[in-house]
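To be precise, the following lines are start.cif, and they hold mmCIF, C-alpha atoms.
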data_my_file
#
loop_
_atom_site.label_atom_id
_atom_site.label_comp_id
_atom_site.auth_asym_id
_atom_site.auth_seq_id
_atom_site.Cartn_x
_atom_site.Cartn_y
_atom_site.Cartn_z
CA MET A 1 -15.91 -30.36 -17.04
CA HIS A 2 -15.49 -26.67 -16.22
CA THR A 3 -14.75 -25.92 -12.57
CA PRO A 4 -16.07 -22.82 -10.71
CA SER A 5 -12.54 -21.38 -10.81
CA HIS A 6 -12.52 -21.80 -14.60
CA PHE A 7 -15.78 -19.87 -14.94
CA LEU A 8 -14.49 -17.14 -12.61
CA LEU A 9 -11.34 -16.78 -14.70
CA LEU A 10 -13.38 -16.50 -17.90
CA THR A 11 -15.54 -13.80 -16.30
CA ILE A 12 -12.52 -11.76 -15.19
CA PHE A 13 -10.93 -11.82 -18.63
CA SER A 14 -14.26 -10.93 -20.25
CA LEU A 15 -14.39 -7.82 -18.07
CA ILE A 16 -10.82 -6.91 -18.95
CA LYS A 17 -11.45 -7.32 -22.68
CA VAL A 18 -14.12 -4.64 -22.54
CA ALA A 19 -11.35 -2.13 -21.84
CA VAL A 20 -8.81 -3.57 -24.28
CA SER A 21 -8.73 -3.07 -28.05
CA GLU A 22 -6.81 -5.04 -30.65
CA GLU A 23 -4.03 -2.47 -30.49
CA GLY A 24 -3.78 -2.29 -26.70
CA ILE A 25 -5.50 -0.53 -23.85
CA CYS A 26 -8.39 1.68 -24.90
CA SER A 27 -7.85 5.34 -24.23
CA MET A 28 -10.87 6.60 -22.35
CA PRO A 29 -11.72 10.30 -22.46
CA PRO A 30 -10.36 12.09 -19.36
CA SER A 31 -13.87 13.31 -18.54
CA ILE A 32 -14.94 9.68 -18.08
CA ILE A 33 -11.84 8.41 -16.30
CA ASN A 34 -11.69 11.21 -13.73
CA SER A 35 -15.34 12.19 -13.39
CA ASP A 36 -15.77 10.43 -10.02
CA SER A 37 -12.72 11.93 -8.36
CA ASP A 38 -12.08 15.42 -9.73
CA SER A 39 -14.10 17.12 -7.00
CA LYS A 40 -12.68 15.04 -4.13
CA PRO A 41 -9.34 15.28 -2.28
CA LEU A 42 -6.57 12.91 -3.31
CA TYR A 43 -6.97 9.46 -1.71
CA TRP A 44 -10.30 10.46 -0.15
CA LYS A 45 -11.71 6.95 -0.61
CA VAL A 46 -9.12 5.46 1.74
CA THR A 47 -10.99 7.10 4.60
CA ASN A 48 -14.38 7.09 2.83
CA PRO A 49 -14.54 3.69 1.09
CA THR A 50 -17.46 2.77 -1.16
CA LEU A 51 -18.23 -0.22 1.07
CA SER A 52 -17.72 1.51 4.41
CA PRO A 53 -18.71 -0.16 7.69
CA SER A 54 -21.88 1.96 7.81
CA HIS A 55 -22.98 0.61 4.43
CA LEU A 56 -22.73 -2.95 5.74
CA GLN A 57 -24.54 -2.47 9.04
CA ASP A 58 -27.63 -4.25 7.70
CA LEU A 59 -25.54 -7.35 6.88
CA PRO A 60 -24.62 -8.74 10.30
CA GLY A 61 -21.54 -10.91 10.20
CA PHE A 62 -20.61 -9.97 6.63
CA THR A 63 -17.04 -9.05 5.73
CA ARG A 64 -14.88 -9.22 2.62
CA SER A 65 -11.81 -9.80 4.78
CA VAL A 66 -9.95 -13.09 4.36
CA TYR A 67 -7.02 -14.61 6.25
CA LYS A 68 -5.08 -17.53 4.83
CA ARG A 69 -1.68 -19.09 5.43
CA ASP A 70 0.05 -17.09 2.70
CA HIS A 71 -2.06 -13.95 2.30
CA ALA A 72 -4.70 -11.77 3.88
CA LEU A 73 -7.22 -9.20 2.66
CA ILE A 74 -8.17 -6.72 5.39
CA THR A 75 -11.10 -4.54 4.32
CA PRO A 76 -12.37 -1.38 6.06
CA GLU A 77 -15.27 -3.02 7.90
CA SER A 78 -12.77 -5.29 9.67
CA GLN A 79 -10.19 -2.68 10.64
CA VAL A 80 -10.28 -2.25 14.41
CA PHE A 81 -9.05 1.09 15.80
CA SER A 82 -7.95 1.65 19.39
CA PRO A 83 -5.58 4.05 21.18
CA LEU A 84 -2.17 3.64 19.57
CA PRO A 85 0.49 2.66 22.15
CA GLU A 86 2.91 5.49 23.01
CA TRP A 87 1.03 7.95 20.74
CA ALA A 88 -1.08 10.80 22.13
CA ASN A 89 -4.67 11.40 20.93
CA THR A 90 -4.21 8.89 18.12
CA LEU A 91 -6.23 5.84 17.13
CA GLY A 92 -4.48 3.04 15.31
CA ALA A 93 -5.43 -0.12 13.45
CA TYR A 94 -2.66 -2.72 13.22
CA LEU A 95 -3.18 -4.38 9.83
CA ILE A 96 -0.05 -6.51 9.38
CA THR A 97 2.28 -7.65 12.18
CA PRO A 98 4.79 -10.49 12.74
CA ALA A 99 1.92 -12.51 14.24
CA ILE A 100 0.68 -13.00 10.67
CA GLY A 101 4.10 -14.12 9.49
CA SER A 102 5.52 -10.80 8.27
CA ASN A 103 8.90 -9.22 9.00
CA PHE A 104 7.32 -5.76 9.33
CA VAL A 105 4.42 -3.90 10.91
CA MET A 106 1.84 -1.93 8.91
CA TYR A 107 -0.85 0.19 10.53
CA LEU A 108 -3.14 3.14 10.00
CA ALA A 109 -2.78 6.04 12.44
CA LYS A 110 -5.67 8.49 12.82
CA MET A 111 -4.23 11.56 14.53
CA GLN A 112 -6.61 14.02 16.19
CA GLY A 113 -6.13 17.55 17.51
CA ASN A 114 -3.00 18.00 19.67
CA SER A 115 -1.78 14.52 18.82
CA LYS A 116 1.80 13.28 18.85
CA SER A 117 3.64 10.17 17.71
CA GLY A 118 5.31 7.70 20.02
CA LEU A 119 8.96 6.68 20.24
CA LEU A 120 10.29 3.68 18.37
CA PRO A 121 12.10 0.74 19.97
CA SER A 122 15.86 0.56 19.39
CA ASP A 123 17.00 -0.32 15.87
CA VAL A 124 13.54 0.04 14.34
CA GLU A 125 13.03 2.15 11.20
CA ARG A 126 9.78 3.89 10.25
CA PHE A 127 8.10 5.02 7.03
CA ILE A 128 5.02 7.26 7.05
CA PHE A 129 2.76 8.27 4.17
CA VAL A 130 0.00 10.87 4.55
CA VAL A 131 -3.38 9.91 3.06
CA GLN A 132 -5.49 12.61 4.75
CA GLY A 133 -4.76 15.91 6.50
CA ALA A 134 -1.31 17.22 7.42
CA VAL A 135 1.31 16.59 10.09
CA THR A 136 4.52 18.27 11.23
CA LEU A 137 7.67 16.16 11.41
CA ALA A 138 10.45 17.47 13.67
CA ASN A 139 13.79 16.13 14.86
CA VAL A 140 15.79 16.81 18.01
CA SER A 141 17.69 19.61 16.25
CA GLY A 142 14.47 21.54 15.75
CA VAL A 143 14.34 21.05 11.96
CA SER A 144 10.73 20.52 10.90
CA HIS A 145 8.80 19.60 7.76
CA GLU A 146 5.10 19.85 7.01
CA LEU A 147 3.80 16.69 5.41
CA ILE A 148 0.57 16.94 3.44
CA VAL A 149 -1.40 14.34 1.47
CA ASP A 150 0.89 12.31 -0.82
CA SER A 151 3.97 13.34 1.20
CA TYR A 152 6.08 10.80 3.04
CA ALA A 153 9.07 10.43 5.31
CA TYR A 154 11.58 7.68 6.03
CA LEU A 155 13.06 7.76 9.55
CA PRO A 156 16.24 5.70 10.09
CA PRO A 157 16.65 3.43 13.10
CA ASN A 158 17.44 5.26 16.36
CA PHE A 159 16.60 8.61 14.72
CA GLN A 160 14.78 10.71 17.31
CA HIS A 161 11.78 12.50 15.86
CA SER A 162 8.17 13.43 16.50
CA LEU A 163 5.02 13.79 14.43
CA LYS A 164 2.45 16.33 15.58
CA CYS A 165 -1.00 17.19 14.32
CA ASP A 166 -3.16 20.17 15.33
CA ALA A 167 -6.33 19.11 13.49
CA SER A 168 -6.68 15.59 12.04
CA ALA A 169 -4.65 13.38 9.76
CA THR A 170 -4.53 9.77 8.61
CA LEU A 171 -1.18 8.07 8.04
CA VAL A 172 -0.19 4.66 6.78
CA VAL A 173 2.88 3.58 8.74
CA PHE A 174 5.43 0.83 8.14
CA GLU A 175 7.95 -0.20 10.77
CA ARG A 176 10.55 -2.95 10.85
CA ARG A 177 13.68 -3.89 12.70
CA TYR A 178 16.56 -2.71 10.53
CA ALA A 179 18.67 -5.44 8.94
CA SER A 180 22.01 -3.67 9.31
CA LEU A 181 25.04 -4.07 7.09
CA GLU A 182 28.53 -3.17 8.24
CA LYS A 183 29.66 0.29 7.05
CA TYR A 184 26.23 1.18 5.62
CA VAL A 185 23.73 3.61 7.12
CA THR A 186 20.44 5.07 5.95
CA GLU A 187 19.43 8.74 6.08
CA GLN A 188 16.23 10.63 6.78
CA ILE A 189 14.16 11.21 3.64
CA VAL A 190 11.26 13.65 3.24
CA SER A 191 9.58 13.92 -0.15
CA SER A 192 6.35 13.31 -2.09
CA THR A 193 5.15 10.92 -4.77
CA LYS A 194 4.99 13.55 -7.50
CA LYS A 195 8.69 14.33 -7.03
CA GLN A 196 9.70 10.78 -7.93
CA PRO A 197 10.35 9.91 -11.59
CA LEU A 198 8.51 7.24 -13.51
CA LEU A 199 10.69 4.16 -13.88
CA GLU A 200 10.90 1.72 -16.75
CA THR A 201 8.89 -1.49 -16.33
CA PRO A 202 10.08 -3.85 -19.08
CA GLY A 203 7.26 -6.04 -20.33
CA GLU A 204 4.67 -4.17 -18.27
CA ILE A 205 2.38 -1.19 -18.95
CA PHE A 206 1.67 0.08 -15.42
CA GLU A 207 3.46 3.17 -14.08
CA LEU A 208 5.98 2.71 -11.28
CA ARG A 209 7.61 5.07 -8.81
CA LYS A 210 9.96 4.05 -5.99
CA LEU A 211 9.84 6.29 -2.93
CA LEU A 212 13.15 5.22 -1.36
CA PRO A 213 16.66 4.86 -2.79
CA THR A 214 17.46 1.50 -4.33
CA SER A 215 20.97 1.55 -2.84
CA LEU A 216 22.24 -1.21 -0.54
CA PRO A 217 21.75 0.50 2.86
CA TYR A 218 17.94 0.38 2.52
CA ASP A 219 16.40 -2.97 3.38
CA PHE A 220 12.93 -2.19 2.04
CA ASN A 221 11.30 0.06 -0.51
CA ILE A 222 7.86 1.53 -1.06
CA HIS A 223 6.44 1.41 -4.57
CA ILE A 224 3.61 3.51 -6.00
CA MET A 225 1.98 1.62 -8.87
CA ASP A 226 -0.62 3.12 -11.25
CA PHE A 227 -2.91 1.16 -13.58
CA GLN A 228 -5.41 2.65 -16.00
CA PRO A 229 -8.76 0.80 -16.37
CA GLY A 230 -8.18 -2.46 -18.21
CA GLU A 231 -4.45 -2.63 -17.49
CA PHE A 232 -3.06 -5.62 -15.66
CA LEU A 233 0.19 -7.21 -14.54
CA ASN A 234 1.84 -9.22 -17.30
CA VAL A 235 3.97 -11.29 -14.92
CA LYS A 236 2.15 -13.62 -12.56
CA GLU A 237 4.59 -13.03 -9.73
CA VAL A 238 5.98 -15.65 -7.37
CA HIS A 239 8.99 -14.45 -5.37
CA TYR A 240 10.67 -14.45 -1.96
CA ASN A 241 9.76 -10.83 -1.11
CA GLN A 242 6.92 -9.97 1.25
CA HIS A 243 4.37 -7.27 0.50
CA GLY A 244 2.07 -5.00 2.43
CA LEU A 245 -0.33 -3.12 0.14
CA LEU A 246 -2.81 -0.27 0.59
CA LEU A 247 -5.13 0.46 -2.31
CA LEU A 248 -5.18 4.26 -2.52
CA GLU A 249 -7.48 4.69 -5.53
CA GLY A 250 -9.58 2.63 -7.90
CA GLN A 251 -10.79 -0.94 -7.95
CA GLY A 252 -9.99 -4.23 -9.58
CA ILE A 253 -9.35 -7.94 -9.16
CA TYR A 254 -6.41 -9.30 -7.16
CA ARG A 255 -5.33 -12.91 -7.50
CA LEU A 256 -3.64 -14.32 -4.38
CA GLY A 257 -2.81 -18.01 -4.52
CA ASP A 258 -5.82 -19.75 -6.04
CA SER A 259 -8.29 -17.06 -4.89
CA TRP A 260 -9.58 -14.04 -6.82
CA TYR A 261 -10.69 -10.98 -4.84
CA PRO A 262 -12.58 -7.85 -5.90
CA VAL A 263 -10.71 -4.99 -4.20
CA GLU A 264 -11.17 -1.23 -3.89
CA ALA A 265 -9.61 1.86 -2.32
CA GLY A 266 -9.16 1.40 1.42
CA ASP A 267 -8.40 -2.34 1.21
CA VAL A 268 -5.16 -3.71 2.65
CA ILE A 269 -3.38 -6.88 1.47
CA TRP A 270 -0.59 -8.94 3.01
CA MET A 271 1.36 -11.24 0.68
CA ALA A 272 3.70 -13.86 2.11
CA PRO A 273 6.80 -15.03 0.25
CA PHE A 274 6.06 -17.11 -2.86
CA VAL A 275 2.30 -16.62 -2.94
CA PRO A 276 1.19 -16.30 -6.60
CA GLN A 277 -0.04 -12.75 -7.19
CA TRP A 278 -1.60 -10.82 -10.06
CA TYR A 279 -3.73 -7.68 -10.47
CA ALA A 280 -6.11 -6.23 -13.07
CA ALA A 281 -7.64 -2.73 -12.84
CA LEU A 282 -11.36 -2.33 -13.52
CA GLY A 283 -13.85 0.55 -13.26
CA LYS A 284 -13.62 4.05 -14.74
CA THR A 285 -10.74 5.55 -12.72
CA ARG A 286 -7.10 4.65 -12.33
CA THR A 287 -5.90 2.25 -9.70
CA ARG A 288 -3.08 3.46 -7.49
CA TYR A 289 -1.64 1.36 -4.73
CA LEU A 290 1.20 1.70 -2.26
CA LEU A 291 3.33 -1.41 -1.84
CA TYR A 292 5.94 -2.39 0.76
CA LYS A 293 8.70 -4.72 -0.47
CA ASP A 294 11.75 -6.00 1.39
CA VAL A 295 14.93 -5.66 -0.71
CA ASN A 296 18.74 -5.73 -0.74
CA ARG A 297 19.20 -8.55 1.76
CA ASP A 298 20.16 -12.19 1.27
CA PRO A 299 17.14 -14.36 2.16
CA LEU A 300 19.44 -16.52 4.29
#

Written as structure tokens, that's how I'd like the structure from this file.
Amino acid sequence: MHTPSHFLLLTIFSLIKVAVSEEGICSMPPSIINSDSDSKPLYWKVTNPTLSPSHLQDLPGFTRSVYKRDHALITPESQVFSPLPEWANTLGAYLITPAIGSNFVMYLAKMQGNSKSGLLPSDVERFIFVVQGAVTLANVSGVSHELIVDSYAYLPPNFQHSLKCDASATLVVFERRYASLEKYVTEQIVSSTKKQPLLETPGEIFELRKLLPTSLPYDFNIHIMDFQPGEFLNVKEVHYNQHGLLLLEGQGIYRLGDSWYPVEAGDVIWMAPFVPQWYAALGKTRTRYLLYKDVNRDPL
């Protein structure tokens, strides 16, 4: 007897096969793949999702969000914004915190005119990625950097800095208490996704960039992963690392444990250690997501 999960799995693979030929992934004309996004700013759907809260106002009580022991899907209609502690003129939505079982914090920060970031607790490191607008990052020495969409910065623990915004900007922020190693220190990093090289992904076809050094001082990394329509993860991953994910572009199906979720730009996912995970990209445009991963530390 076929179970509902069996029928769902058959449906997913039927959808994927539409985009896959006998020789591999079909190559769609650029005019088709990019037609929905060419006229829009990069990552515009993070702040303007297809299924925005306003689109769901006639469905009282409806949400795609799910919370389980080993994973969570937090969709835009469930993201609750309030004044961000220690920040000025900034609304924040905490999406992943230790209360869920993580070893890091992930939140969205919506900075308004004349806004400023707050100070970090001792020994906490911070990573920011700009998805809308622009901010100015400055340190106590007066050195400043303008961060625009697709730019990012890593701020080491106990590194005094400020983020200021004169208009509006949306940031995704990761913070965690640094797992120090004797004789190793991290350094401030300011860069952008496009400056990072594509890395080899043996056995896989997605494109991968790592935004932080892979060297031992750094206890986490941020990956940018790109999938063309029809591409999917070959490995069905089960590992000790935790993940925090923001879908920046596109749509697809994410398997988490025994559940299969349709996801789109603007969705956030938390993955606990050892939860089975797998992704397939659907639709007409590429999928790009930003992924937190703890690294370089013994699990003990």

What do you get, as a PyMOL selection string, if you spell out every residue that the PyMOL selection byres ((chain A and resi 159) around 10) selects here? chain A and resi 119-120+122-126+139-140+155-158+160-162+187-188

Take the point (20.9, -5.7, 5.2) in the file's coordinates, draw a sphere of radius 6 Å around it, and report as a ChimeraX atom specification every protein, DNA or RNA residue with an atom inside or on it, counting all atoms listed in the file. /A:179-181,219,297

Go ahead and write the selection's residues with C-alpha atoms as a PDB file, keeping the file's coordinate frame.
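Now in out.pdb:
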ATOM      1  CA  ALA A 179      18.670  -5.440   8.940  1.00  0.00           C
ATOM      2  CA  SER A 180      22.010  -3.670   9.310  1.00  0.00           C
ATOM      3  CA  LEU A 181      25.040  -4.070   7.090  1.00  0.00           C
ATOM      4  CA  ASP A 219      16.400  -2.970   3.380  1.00  0.00           C
ATOM      5  CA  ARG A 297      19.200  -8.550   1.760  1.00  0.00           C
TER       6      ARG A 297
END

9 Å contact set for A:Pro49, all atoms listed in the file, chain neighbours under 6 positions out, as number ranges by chain: A: 76, 264-267

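Proximity ranking of A:Lys40, A:Arg176, A:Lys183, A:Lys194 relative to A:Asp150 places A:Lys194 first, based on all atoms listed in the file.
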
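Within the 12 Å cut-off around A:Pro202, using only C-alpha atoms and omitting residues fewer than 4 positions from it on the same chain, the listed residues are Phe206, Glu207, Leu208, Leu233, Asn234 and Val235 of chain A.
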
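If only C-alpha atoms are the atoms counted, then among A:Asn103, A:Asn89, A:Ser144, A:Thr75 the closest residue to A:Ser117 is A:Asn89.
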
Assuming the chain letters and numbering stay as they are in my file, what does the PyMOL selection byres ((chain A and resi 189) around 10) actually select? List them as a ChimeraX atom specification. /A:127,152-156,186-188,190-192,211-213

Counting all atoms listed in the file, what is within 9 Å of stretch 64-70 of chain A, bar same-chain residues fewer than 5 positions away, as a PyMOL selection string? chain A and resi 75-78+100-101+256-257+261-262+267+270-275

Could the residues in this selection be written to a file with C-alpha atoms, as a PDB file, in the frame of the given file?
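Output below, filename result21.pdb:
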ATOM      1  CA  THR A  75     -11.100  -4.540   4.320  1.00  0.00           C
ATOM      2  CA  PRO A  76     -12.370  -1.380   6.060  1.00  0.00           C
ATOM      3  CA  GLU A  77     -15.270  -3.020   7.900  1.00  0.00           C
ATOM      4  CA  SER A  78     -12.770  -5.290   9.670  1.00  0.00           C
ATOM      5  CA  ILE A 100       0.680 -13.000  10.670  1.00  0.00           C
ATOM      6  CA  GLY A 101       4.100 -14.120   9.490  1.00  0.00           C
ATOM      7  CA  LEU A 256      -3.640 -14.320  -4.380  1.00  0.00           C
ATOM      8  CA  GLY A 257      -2.810 -18.010  -4.520  1.00  0.00           C
ATOM      9  CA  TYR A 261     -10.690 -10.980  -4.840  1.00  0.00           C
ATOM     10  CA  PRO A 262     -12.580  -7.850  -5.900  1.00  0.00           C
ATOM     11  CA  ASP A 267      -8.400  -2.340   1.210  1.00  0.00           C
ATOM     12  CA  TRP A 270      -0.590  -8.940   3.010  1.00  0.00           C
ATOM     13  CA  MET A 271       1.360 -11.240   0.680  1.00  0.00           C
ATOM     14  CA  ALA A 272       3.700 -13.860   2.110  1.00  0.00           C
ATOM     15  CA  PRO A 273       6.800 -15.030   0.250  1.00  0.00           C
ATOM     16  CA  PHE A 274       6.060 -17.110  -2.860  1.00  0.00           C
ATOM     17  CA  VAL A 275       2.300 -16.620  -2.940  1.00  0.00           C
TER      18      VAL A 275
END

Closest of A:Thr90, A:Gln57, A:Gln196, A:Ser141 to A:Ser168 - atom-to-atom distances counting all atoms listed in the file: A:Thr90

Contacts of A:Arg209 within 9 Å, only C-alpha atoms, excl. fewer than 3 positions in-chain, as a ChimeraX atom specification: /A:193-194,196-199,222-226

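When you apply the PyMOL selection byres ((chain A and resi 114) around 6) to this structure, what comes back is A:Gly113, A:Ser115, A:Cys165, A:Asp166.
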
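Shortest separation to A:Gly283 among A:Ile253, A:Leu300, A:Met111, A:Val105 occurs at residue A:Ile253, atoms counted being only C-alpha atoms.
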
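Atom CA of A:Glu249 lies 11.1 Å from atom CA of A:Asn48.
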
Kindly give the distance, in Å, that separates atom CA of A:Val80 and atom CA of A:Tyr94, rounded to a single decimal. 7.7 Å

Separation of atom CA of A:Thr47 from atom CA of A:Pro276, in Å and rounded to one decimal: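 Distance reported for this atom pair: 28.7 Å.
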
For each of A:Gly203, A:Gly250, A:Gly244, A:Pro83, take the minimum atom-to-atom distance to A:Glu175, counting only C-alpha atoms, then give the residue where this is smallest. A:Gly244

Quick one: everything within 6 Å of A:Leu163, counting only C-alpha atoms, minus sequence neighbours fewer than 2 positions away in the same chain. Send it as a list in words.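 Once the nearby chain positions are removed, what remains is Lys116, Ser117, Thr136 and Leu137 of chain A.
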